[in-house]
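File shown here: query00.cif, holding mmCIF, C-alpha atoms.
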data_start
loop_
_atom_site.label_atom_id
_atom_site.label_comp_id
_atom_site.auth_asym_id
_atom_site.auth_seq_id
_atom_site.Cartn_x
_atom_site.Cartn_y
_atom_site.Cartn_z
CA MET A 24 254.94 206.36 217.77
CA LEU A 25 255.68 203.52 220.15
CA ARG A 26 258.54 204.19 222.59
CA ILE A 27 260.16 201.20 224.29
CA HIS A 28 262.44 201.47 227.30
CA CYS A 29 265.36 199.08 226.75
CA PRO A 30 266.85 198.14 230.16
CA TRP A 31 270.36 198.54 228.70
CA CYS A 32 270.01 201.40 226.19
CA GLY A 33 267.19 203.52 227.61
CA LEU A 34 264.08 204.90 225.89
CA ARG A 35 264.11 204.24 222.13
CA ASP A 36 261.74 204.48 219.14
CA HIS A 37 260.04 201.26 218.05
CA GLU A 38 261.92 201.45 214.72
CA GLU A 39 265.04 200.17 216.50
CA PHE A 40 263.24 196.94 217.45
CA THR A 41 261.94 193.90 215.60
CA LEU A 42 258.69 192.31 216.77
CA TRP A 43 258.99 188.51 216.89
CA GLY A 44 255.51 187.55 218.09
CA GLU A 45 253.59 186.54 221.16
CA ALA A 46 255.60 185.72 224.27
CA THR A 47 252.80 183.62 225.77
CA ARG A 48 252.20 181.20 222.90
CA HIS A 49 253.13 177.56 223.42
CA PHE A 50 253.72 175.15 220.56
CA PRO A 51 252.86 171.45 220.57
CA ALA A 52 255.50 168.74 220.87
CA LEU A 53 257.59 168.11 217.76
CA ASP A 54 255.92 164.73 217.21
CA ALA A 55 252.38 166.14 217.58
CA PRO A 56 249.91 165.52 214.75
CA HIS A 57 250.00 167.87 211.77
CA ALA A 58 246.48 169.18 212.55
CA GLN A 59 247.62 170.27 216.00
CA TRP A 60 250.51 172.25 214.47
CA VAL A 61 248.20 173.87 211.92
CA GLN A 62 245.85 174.91 214.72
CA SER A 63 248.73 176.32 216.79
CA VAL A 64 250.34 178.30 213.95
CA TYR A 65 247.37 179.55 211.93
CA ALA A 66 244.33 179.62 214.24
CA ARG A 67 245.60 181.80 217.04
CA PRO A 68 243.42 184.08 219.13
CA ASN A 69 243.80 187.81 218.57
CA PRO A 70 242.95 189.26 221.99
CA ARG A 71 242.32 192.94 222.57
CA GLY A 72 244.00 194.64 225.48
CA GLU A 73 247.18 193.62 227.27
CA THR A 74 249.56 191.41 225.31
CA GLN A 75 253.11 190.19 225.83
CA GLU A 76 255.40 190.14 222.81
CA PHE A 77 259.01 189.32 222.05
CA PHE A 78 261.05 192.23 220.68
CA GLN A 79 264.70 192.23 219.71
CA HIS A 80 266.64 195.50 219.95
CA ASN A 81 268.26 195.13 216.52
CA LEU A 82 269.67 198.64 216.17
CA GLY A 83 270.95 198.76 219.73
CA CYS A 84 272.21 196.11 222.11
CA ARG A 85 270.56 193.24 220.11
CA ARG A 86 269.08 191.79 223.28
CA TRP A 87 265.68 190.11 223.54
CA LEU A 88 262.89 191.73 225.54
CA VAL A 89 259.35 190.85 226.55
CA VAL A 90 257.18 193.93 226.16
CA SER A 91 253.76 194.03 227.81
CA ARG A 92 251.57 196.52 226.02
CA ASN A 93 247.97 197.38 225.38
CA ASN A 94 247.37 196.65 221.70
CA LEU A 95 244.40 199.03 221.58
CA THR A 96 246.14 202.11 222.97
CA HIS A 97 249.76 201.05 222.22
CA GLU A 98 250.69 201.98 225.79
CA VAL A 99 253.80 200.11 226.93
CA LEU A 100 253.03 198.65 230.37
CA SER A 101 256.34 196.95 231.17
CA VAL A 102 259.58 195.74 229.61
CA VAL A 103 261.66 192.87 230.99
CA PRO A 104 264.67 191.03 229.58
CA ALA A 105 263.44 187.83 227.94
CA HIS A 106 265.59 185.64 230.16
CA GLU A 107 263.81 187.07 233.21
CA ARG A 108 260.25 186.55 231.99
CA SER A 109 259.68 183.26 233.84
CA ALA A 110 260.59 184.95 237.13
CA ALA A 111 258.26 187.88 236.36
CA LYS A 112 255.44 185.44 235.52
CA GLU A 113 255.92 183.65 238.87
CA ASP A 114 255.78 186.97 240.74
CA ARG A 115 252.32 187.72 239.25
CA ALA A 116 250.92 184.29 240.19
#

Can you dump the structure from the file as structure tokens?
Amino acid sequence: MLRIHCPWCGLRDHEEFTLWGEATRHFPALDAPHAQWVQSVYARPNPRGETQEFFQHNLGCRRWLVVSRNNLTHEVLSVVPAHERSAAKEDRA
């Protein structure tokens, strides 16, 4: 079972959260060609190892989080509030 530490509610089971997808994916501009959108939405890489994903704590505080985890071992590496992710990304650079 995946356990996620919500900064506001504490350690919780993954069943309280909804996974919303990759936190590192960027979409093309709204006026980009259709083929570029198809490539972005349907032909995504599926990397093994550390990933960053958006989760919403639906059965708790309802806040958005960015969870870094290893998708092979399901180990949670870090959890940050989604609004702080740009600052965390700059710290790693």

Quiz item: By how many Å are CA of Leu88 in chain A and CA of Gly44 in chain A apart?
Solution: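 Taking CA of Leu88 in chain A as the start and CA of Gly44 in chain A as the end point, the length is 11.3 Å.
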
Self-check item: Interatomic distance (Å, one decimal) between CA of Asp36 in chain A and CA of Met24 in chain A
Solution: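 Taking CA of Asp36 in chain A and CA of Met24 in chain A, their separation equals 7.2 Å.
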
Quiz prompt | Non-local contacts of Gly83 in chain A (10 Å; only C-alpha atoms; under 6 positions in same chain excluded) as number ranges by chain | solution = A: 29, 31-33, 35, 39-40

Emit as AutoDock Vina command-line options the padded axis-aligned box for all listed atoms of range 83-98 of chain A, 3 Å per side, with centre and edge lengths in Å to one decimal.
--center_x 258.3 --center_y 196.1 --center_z 223.8 --size_x 33.8 --size_y 18.0 --size_z 14.1

Practice problem: Output the residue selection produced by the PyMOL selection byres ((chain A and resi 63-69) around 9) on the file above, formatted as a list of chain:residue names. | Solution: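 Applying the expression gives A:Arg48, A:His49, A:Phe50, A:Pro51, A:Ala58, A:Gln59, A:Trp60, A:Val61, A:Gln62, A:Pro70, A:Arg71.
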
Practice problem: Counting all atoms listed in the file, note down every residue that has an atom within 12 Å of the point (259.5, 193.9, 230.3) (file coordinates), as a PyMOL selection string. | Solution: chain A and resi 27-31+46+74-79+87-92+99-112

Quiz prompt | Distance of CA of Asn94 in chain A from CA of Glu45 in chain A, expressed in Å to one decimal place | solution = 11.9 Å

Quiz item: Given the choices A:Asn93, A:His80, A:Ala52, A:Gly72, which gets closest to Leu34 in chain A if the distance is worked out from all atoms listed in the file?
Solution: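 Result for the nearest residue to Leu34 in chain A: A:His80.
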